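Novice: Structure file data23.pdb (PDB, C-alpha atoms) is given on the next line.
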```pdb
ATOM      1  CA  MET A   1      94.319 119.721  25.037  1.00  0.00           C
ATOM      2  CA  GLY A   2      92.886 121.294  28.208  1.00  0.00           C
ATOM      3  CA  ILE A   3      91.839 117.916  29.642  1.00  0.00           C
ATOM      4  CA  VAL A   4      95.238 116.351  28.976  1.00  0.00           C
ATOM      5  CA  ASN A   5      96.956 119.308  30.642  1.00  0.00           C
ATOM      6  CA  SER A   6      94.632 119.068  33.625  1.00  0.00           C
ATOM      7  CA  ILE A   7      95.262 115.331  34.036  1.00  0.00           C
ATOM      8  CA  TYR A   8      99.019 115.852  33.736  1.00  0.00           C
ATOM      9  CA  LYS A   9      99.022 118.611  36.366  1.00  0.00           C
ATOM     10  CA  LYS A  10      96.960 116.473  38.727  1.00  0.00           C
ATOM     11  CA  LYS A  11      99.346 113.547  38.261  1.00  0.00           C
ATOM     12  CA  MET A  12     102.369 115.776  38.917  1.00  0.00           C
ATOM     13  CA  ASN A  13     100.762 117.206  42.061  1.00  0.00           C
ATOM     14  CA  LEU A  14     100.011 113.700  43.364  1.00  0.00           C
ATOM     15  CA  GLN A  15     103.544 112.617  42.571  1.00  0.00           C
ATOM     16  CA  GLN A  16     105.033 115.622  44.398  1.00  0.00           C
ATOM     17  CA  GLN A  17     102.839 114.918  47.423  1.00  0.00           C
ATOM     18  CA  ARG A  18     103.866 111.252  47.414  1.00  0.00           C
ATOM     19  CA  ARG A  19     107.532 112.285  47.223  1.00  0.00           C
ATOM     20  CA  LYS A  20     107.126 114.606  50.230  1.00  0.00           C
ATOM     21  CA  GLU A  21     105.514 111.772  52.195  1.00  0.00           C
ATOM     22  CA  ALA A  22     108.298 109.377  51.173  1.00  0.00           C
ATOM     23  CA  LEU A  23     110.991 111.857  52.256  1.00  0.00           C
ATOM     24  CA  ARG A  24     109.270 112.338  55.595  1.00  0.00           C
ATOM     25  CA  GLU A  25     109.084 108.550  56.003  1.00  0.00           C
ATOM     26  CA  ALA A  26     112.742 108.107  54.994  1.00  0.00           C
ATOM     27  CA  LYS A  27     113.838 110.606  57.652  1.00  0.00           C
ATOM     28  CA  HIS A  28     111.724 108.805  60.247  1.00  0.00           C
ATOM     29  CA  ILE A  29     113.191 105.419  59.277  1.00  0.00           C
ATOM     30  CA  ALA A  30     116.710 106.891  59.384  1.00  0.00           C
ATOM     31  CA  ARG A  31     116.152 108.174  62.909  1.00  0.00           C
ATOM     32  CA  ILE A  32     114.869 104.754  64.013  1.00  0.00           C
ATOM     33  CA  LEU A  33     117.858 102.998  62.450  1.00  0.00           C
ATOM     34  CA  GLY A  34     120.204 105.330  64.289  1.00  0.00           C
ATOM     35  CA  GLU A  35     118.529 105.708  67.651  1.00  0.00           C
ATOM     36  CA  ARG A  36     116.981 102.270  68.099  1.00  0.00           C
ATOM     37  CA  PHE A  37     119.385 100.034  66.191  1.00  0.00           C
ATOM     38  CA  GLY A  38     122.674 101.896  66.480  1.00  0.00           C
ATOM     39  CA  ALA A  39     123.372 102.863  62.862  1.00  0.00           C
ATOM     40  CA  LYS A  40     126.213 105.356  62.708  1.00  0.00           C
ATOM     41  CA  GLU A  41     125.040 106.905  59.444  1.00  0.00           C
ATOM     42  CA  VAL A  42     121.967 106.490  57.230  1.00  0.00           C
ATOM     43  CA  ILE A  43     122.086 107.526  53.583  1.00  0.00           C
ATOM     44  CA  LEU A  44     119.214 107.955  51.151  1.00  0.00           C
ATOM     45  CA  TYR A  45     119.968 106.988  47.564  1.00  0.00           C
ATOM     46  CA  GLY A  46     118.049 106.004  44.448  1.00  0.00           C
ATOM     47  CA  SER A  47     115.063 107.731  42.887  1.00  0.00           C
ATOM     48  CA  LEU A  48     113.907 109.479  46.059  1.00  0.00           C
ATOM     49  CA  SER A  49     117.265 111.202  46.454  1.00  0.00           C
ATOM     50  CA  GLN A  50     116.957 112.625  42.937  1.00  0.00           C
ATOM     51  CA  GLU A  51     113.688 114.453  42.398  1.00  0.00           C
ATOM     52  CA  ARG A  52     113.279 113.963  38.677  1.00  0.00           C
ATOM     53  CA  TYR A  53     113.401 110.164  38.912  1.00  0.00           C
ATOM     54  CA  PHE A  54     110.855 109.609  41.691  1.00  0.00           C
ATOM     55  CA  ASP A  55     107.420 108.359  40.637  1.00  0.00           C
ATOM     56  CA  MET A  56     104.368 106.773  42.254  1.00  0.00           C
ATOM     57  CA  ALA A  57     105.895 103.275  42.096  1.00  0.00           C
ATOM     58  CA  SER A  58     109.250 104.254  43.607  1.00  0.00           C
ATOM     59  CA  ASP A  59     110.458 102.737  46.851  1.00  0.00           C
ATOM     60  CA  ILE A  60     112.689 104.172  49.567  1.00  0.00           C
ATOM     61  CA  ASP A  61     116.313 103.103  49.121  1.00  0.00           C
ATOM     62  CA  ILE A  62     118.469 103.437  52.237  1.00  0.00           C
ATOM     63  CA  VAL A  63     122.011 102.414  53.134  1.00  0.00           C
ATOM     64  CA  ALA A  64     122.873 102.121  56.825  1.00  0.00           C
ATOM     65  CA  LYS A  65     126.406 102.114  58.211  1.00  0.00           C
ATOM     66  CA  GLY A  66     127.234 100.316  61.426  1.00  0.00           C
ATOM     67  CA  LEU A  67     124.138  98.175  62.036  1.00  0.00           C
ATOM     68  CA  GLY A  68     126.217  95.030  62.469  1.00  0.00           C
ATOM     69  CA  ASP A  69     124.195  92.073  63.735  1.00  0.00           C
ATOM     70  CA  GLN A  70     121.131  94.322  64.160  1.00  0.00           C
ATOM     71  CA  TYR A  71     120.629  94.560  60.375  1.00  0.00           C
ATOM     72  CA  LEU A  72     117.926  91.899  59.920  1.00  0.00           C
ATOM     73  CA  LYS A  73     116.051  92.915  63.051  1.00  0.00           C
ATOM     74  CA  ALA A  74     116.166  96.574  61.998  1.00  0.00           C
ATOM     75  CA  TYR A  75     115.067  95.814  58.435  1.00  0.00           C
ATOM     76  CA  GLY A  76     112.122  93.709  59.604  1.00  0.00           C
ATOM     77  CA  TYR A  77     111.061  96.340  62.114  1.00  0.00           C
ATOM     78  CA  CYS A  78     111.143  99.113  59.511  1.00  0.00           C
ATOM     79  CA  LEU A  79     109.309  97.019  56.912  1.00  0.00           C
ATOM     80  CA  ARG A  80     106.427  96.477  59.327  1.00  0.00           C
ATOM     81  CA  LEU A  81     106.374 100.149  60.252  1.00  0.00           C
ATOM     82  CA  SER A  82     106.414 101.750  56.798  1.00  0.00           C
ATOM     83  CA  GLU A  83     103.615 102.121  54.285  1.00  0.00           C
ATOM     84  CA  PHE A  84     106.286 102.431  51.576  1.00  0.00           C
ATOM     85  CA  ASN A  85     108.310  99.641  50.041  1.00  0.00           C
ATOM     86  CA  LEU A  86     111.775  99.787  51.582  1.00  0.00           C
ATOM     87  CA  ASP A  87     115.154  98.637  50.379  1.00  0.00           C
ATOM     88  CA  ILE A  88     117.596  98.899  53.279  1.00  0.00           C
ATOM     89  CA  ARG A  89     121.172  97.791  52.663  1.00  0.00           C
ATOM     90  CA  ALA A  90     124.101  97.429  55.036  1.00  0.00           C
ATOM     91  CA  TYR A  91     126.893  99.662  53.738  1.00  0.00           C
ATOM     92  CA  GLU A  92     129.561  97.210  54.844  1.00  0.00           C
ATOM     93  CA  ASP A  93     128.077  94.471  52.627  1.00  0.00           C
ATOM     94  CA  LEU A  94     127.970  96.554  49.432  1.00  0.00           C
ATOM     95  CA  PRO A  95     130.454  96.012  46.594  1.00  0.00           C
ATOM     96  CA  ASP A  96     133.009  98.843  46.314  1.00  0.00           C
ATOM     97  CA  GLN A  97     131.481 100.156  43.085  1.00  0.00           C
ATOM     98  CA  TYR A  98     128.101 100.470  44.785  1.00  0.00           C
ATOM     99  CA  LYS A  99     129.673 102.147  47.840  1.00  0.00           C
ATOM    100  CA  ASN A 100     131.264 104.731  45.539  1.00  0.00           C
ATOM    101  CA  GLN A 101     127.912 105.437  43.911  1.00  0.00           C
ATOM    102  CA  VAL A 102     126.196 105.841  47.289  1.00  0.00           C
ATOM    103  CA  ASN A 103     129.008 108.101  48.527  1.00  0.00           C
ATOM    104  CA  LYS A 104     128.732 110.334  45.446  1.00  0.00           C
ATOM    105  CA  GLN A 105     124.958 110.459  44.955  1.00  0.00           C
ATOM    106  CA  GLY A 106     123.541 109.667  48.383  1.00  0.00           C
ATOM    107  CA  ARG A 107     122.019 112.111  50.813  1.00  0.00           C
ATOM    108  CA  CYS A 108     122.810 111.743  54.518  1.00  0.00           C
ATOM    109  CA  LEU A 109     119.623 111.545  56.599  1.00  0.00           C
ATOM    110  CA  TYR A 110     121.192 110.631  59.935  1.00  0.00           C
ATOM    111  CA  ALA A 111     124.681 110.720  61.409  1.00  0.00           C
ATOM    112  CA  LYS A 112     125.696 109.931  64.971  1.00  0.00           C
ATOM    113  CA  LYS A 113     127.425 112.833  66.630  1.00  0.00           C
TER     114      LYS A 113
END
```
Starting from the file, give its structure as structure tokens.
Specialist:
Amino acid sequence: MGIVNSIYKKKMNLQQQRRKEALREAKHIARILGERFGAKEVILYGSLSQERYFDMASDIDIVAKGLGDQYLKAYGYCLRLSEFNLDIRAYEDLPDQYKNQVNKQGRCLYAKK
């Protein structure tokens, strides 16, 4: 039982470290989307926004408001920049049900002042 416990603890520590790195990366991506590409607000959602669901295979799910015609350029730029898999969505293109979910469960990473 000691070996199993040790392996489990090591896995949990690695997972927590990976989550910290992903959060740091998400904040960096959010700042780029806002400052370089003009997003008005960037929201983190999905497994990274809810600690208990994040695992080693999780990606970074982001919704950006106000990118307009910069969306594809911004997405491509961020994909090349990040070591994580990214899923960046334009808020304006989301179905209403999905917008409601993002509004309720999302975590704002960037907002223009």
Novice: Could you tell me which residues the PyMOL selection byres ((chain A and resi 48-60) around 8) grabs in this file, written as JSON, numbers by chain?
Specialist: {"A": [15, 18, 19, 22, 23, 26, 44, 45, 46, 47, 61, 62, 84, 85, 86, 87, 105, 106, 107]}
Novice: Next, dump the selected residues to file, keeping only C-alpha atoms, as a PDB file, in the frame of the given file.
Specialist:
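Output (result10.pdb):
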```pdb
ATOM      1  CA  GLN A  15     103.544 112.617  42.571  1.00  0.00           C
ATOM      2  CA  ARG A  18     103.866 111.252  47.414  1.00  0.00           C
ATOM      3  CA  ARG A  19     107.532 112.285  47.223  1.00  0.00           C
ATOM      4  CA  ALA A  22     108.298 109.377  51.173  1.00  0.00           C
ATOM      5  CA  LEU A  23     110.991 111.857  52.256  1.00  0.00           C
ATOM      6  CA  ALA A  26     112.742 108.107  54.994  1.00  0.00           C
ATOM      7  CA  LEU A  44     119.214 107.955  51.151  1.00  0.00           C
ATOM      8  CA  TYR A  45     119.968 106.988  47.564  1.00  0.00           C
ATOM      9  CA  GLY A  46     118.049 106.004  44.448  1.00  0.00           C
ATOM     10  CA  SER A  47     115.063 107.731  42.887  1.00  0.00           C
ATOM     11  CA  ASP A  61     116.313 103.103  49.121  1.00  0.00           C
ATOM     12  CA  ILE A  62     118.469 103.437  52.237  1.00  0.00           C
ATOM     13  CA  PHE A  84     106.286 102.431  51.576  1.00  0.00           C
ATOM     14  CA  ASN A  85     108.310  99.641  50.041  1.00  0.00           C
ATOM     15  CA  LEU A  86     111.775  99.787  51.582  1.00  0.00           C
ATOM     16  CA  ASP A  87     115.154  98.637  50.379  1.00  0.00           C
ATOM     17  CA  GLN A 105     124.958 110.459  44.955  1.00  0.00           C
ATOM     18  CA  GLY A 106     123.541 109.667  48.383  1.00  0.00           C
ATOM     19  CA  ARG A 107     122.019 112.111  50.813  1.00  0.00           C
TER      20      ARG A 107
END
```
Novice: For the atom pair CA of Glu25 in chain A and CA of Ala64 in chain A, what is the interatomic distance in Å to one decimal place?
Specialist: 15.2 Å
Novice: Provide the CA of Gln97 in chain A to CA of Asp69 in chain A distance in Å, to one decimal place.
Specialist: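 Result for CA of Gln97 in chain A versus CA of Asp69 in chain A: 23.3 Å, one decimal.
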Novice: Rounded to one decimal, what separation in Å do you get between CA of Ile88 in chain A and CA of Lys113 in chain A?
Specialist: 21.7 Å
Novice: Name the residues that the PyMOL selection byres ((chain A and resi 32-35) around 12) pulls out of this structure, and write them as a PyMOL selection string.
Specialist: chain A and resi 25-31+36-43+62-68+70-79+81-82+88-90+108-113
Novice: Give me a file of those residues, with C-alpha atoms, as a short mmCIF file (atom, residue, chain, number, x, y, z; two decimals), in the coordinates of the input.
Specialist:
```cif
data_model
loop_
_atom_site.label_atom_id
_atom_site.label_comp_id
_atom_site.auth_asym_id
_atom_site.auth_seq_id
_atom_site.Cartn_x
_atom_site.Cartn_y
_atom_site.Cartn_z
CA GLU A 25 109.08 108.55 56.00
CA ALA A 26 112.74 108.11 54.99
CA LYS A 27 113.84 110.61 57.65
CA HIS A 28 111.72 108.80 60.25
CA ILE A 29 113.19 105.42 59.28
CA ALA A 30 116.71 106.89 59.38
CA ARG A 31 116.15 108.17 62.91
CA ARG A 36 116.98 102.27 68.10
CA PHE A 37 119.38 100.03 66.19
CA GLY A 38 122.67 101.90 66.48
CA ALA A 39 123.37 102.86 62.86
CA LYS A 40 126.21 105.36 62.71
CA GLU A 41 125.04 106.90 59.44
CA VAL A 42 121.97 106.49 57.23
CA ILE A 43 122.09 107.53 53.58
CA ILE A 62 118.47 103.44 52.24
CA VAL A 63 122.01 102.41 53.13
CA ALA A 64 122.87 102.12 56.82
CA LYS A 65 126.41 102.11 58.21
CA GLY A 66 127.23 100.32 61.43
CA LEU A 67 124.14 98.18 62.04
CA GLY A 68 126.22 95.03 62.47
CA GLN A 70 121.13 94.32 64.16
CA TYR A 71 120.63 94.56 60.38
CA LEU A 72 117.93 91.90 59.92
CA LYS A 73 116.05 92.92 63.05
CA ALA A 74 116.17 96.57 62.00
CA TYR A 75 115.07 95.81 58.44
CA GLY A 76 112.12 93.71 59.60
CA TYR A 77 111.06 96.34 62.11
CA CYS A 78 111.14 99.11 59.51
CA LEU A 79 109.31 97.02 56.91
CA LEU A 81 106.37 100.15 60.25
CA SER A 82 106.41 101.75 56.80
CA ILE A 88 117.60 98.90 53.28
CA ARG A 89 121.17 97.79 52.66
CA ALA A 90 124.10 97.43 55.04
CA CYS A 108 122.81 111.74 54.52
CA LEU A 109 119.62 111.54 56.60
CA TYR A 110 121.19 110.63 59.94
CA ALA A 111 124.68 110.72 61.41
CA LYS A 112 125.70 109.93 64.97
CA LYS A 113 127.42 112.83 66.63
#
```
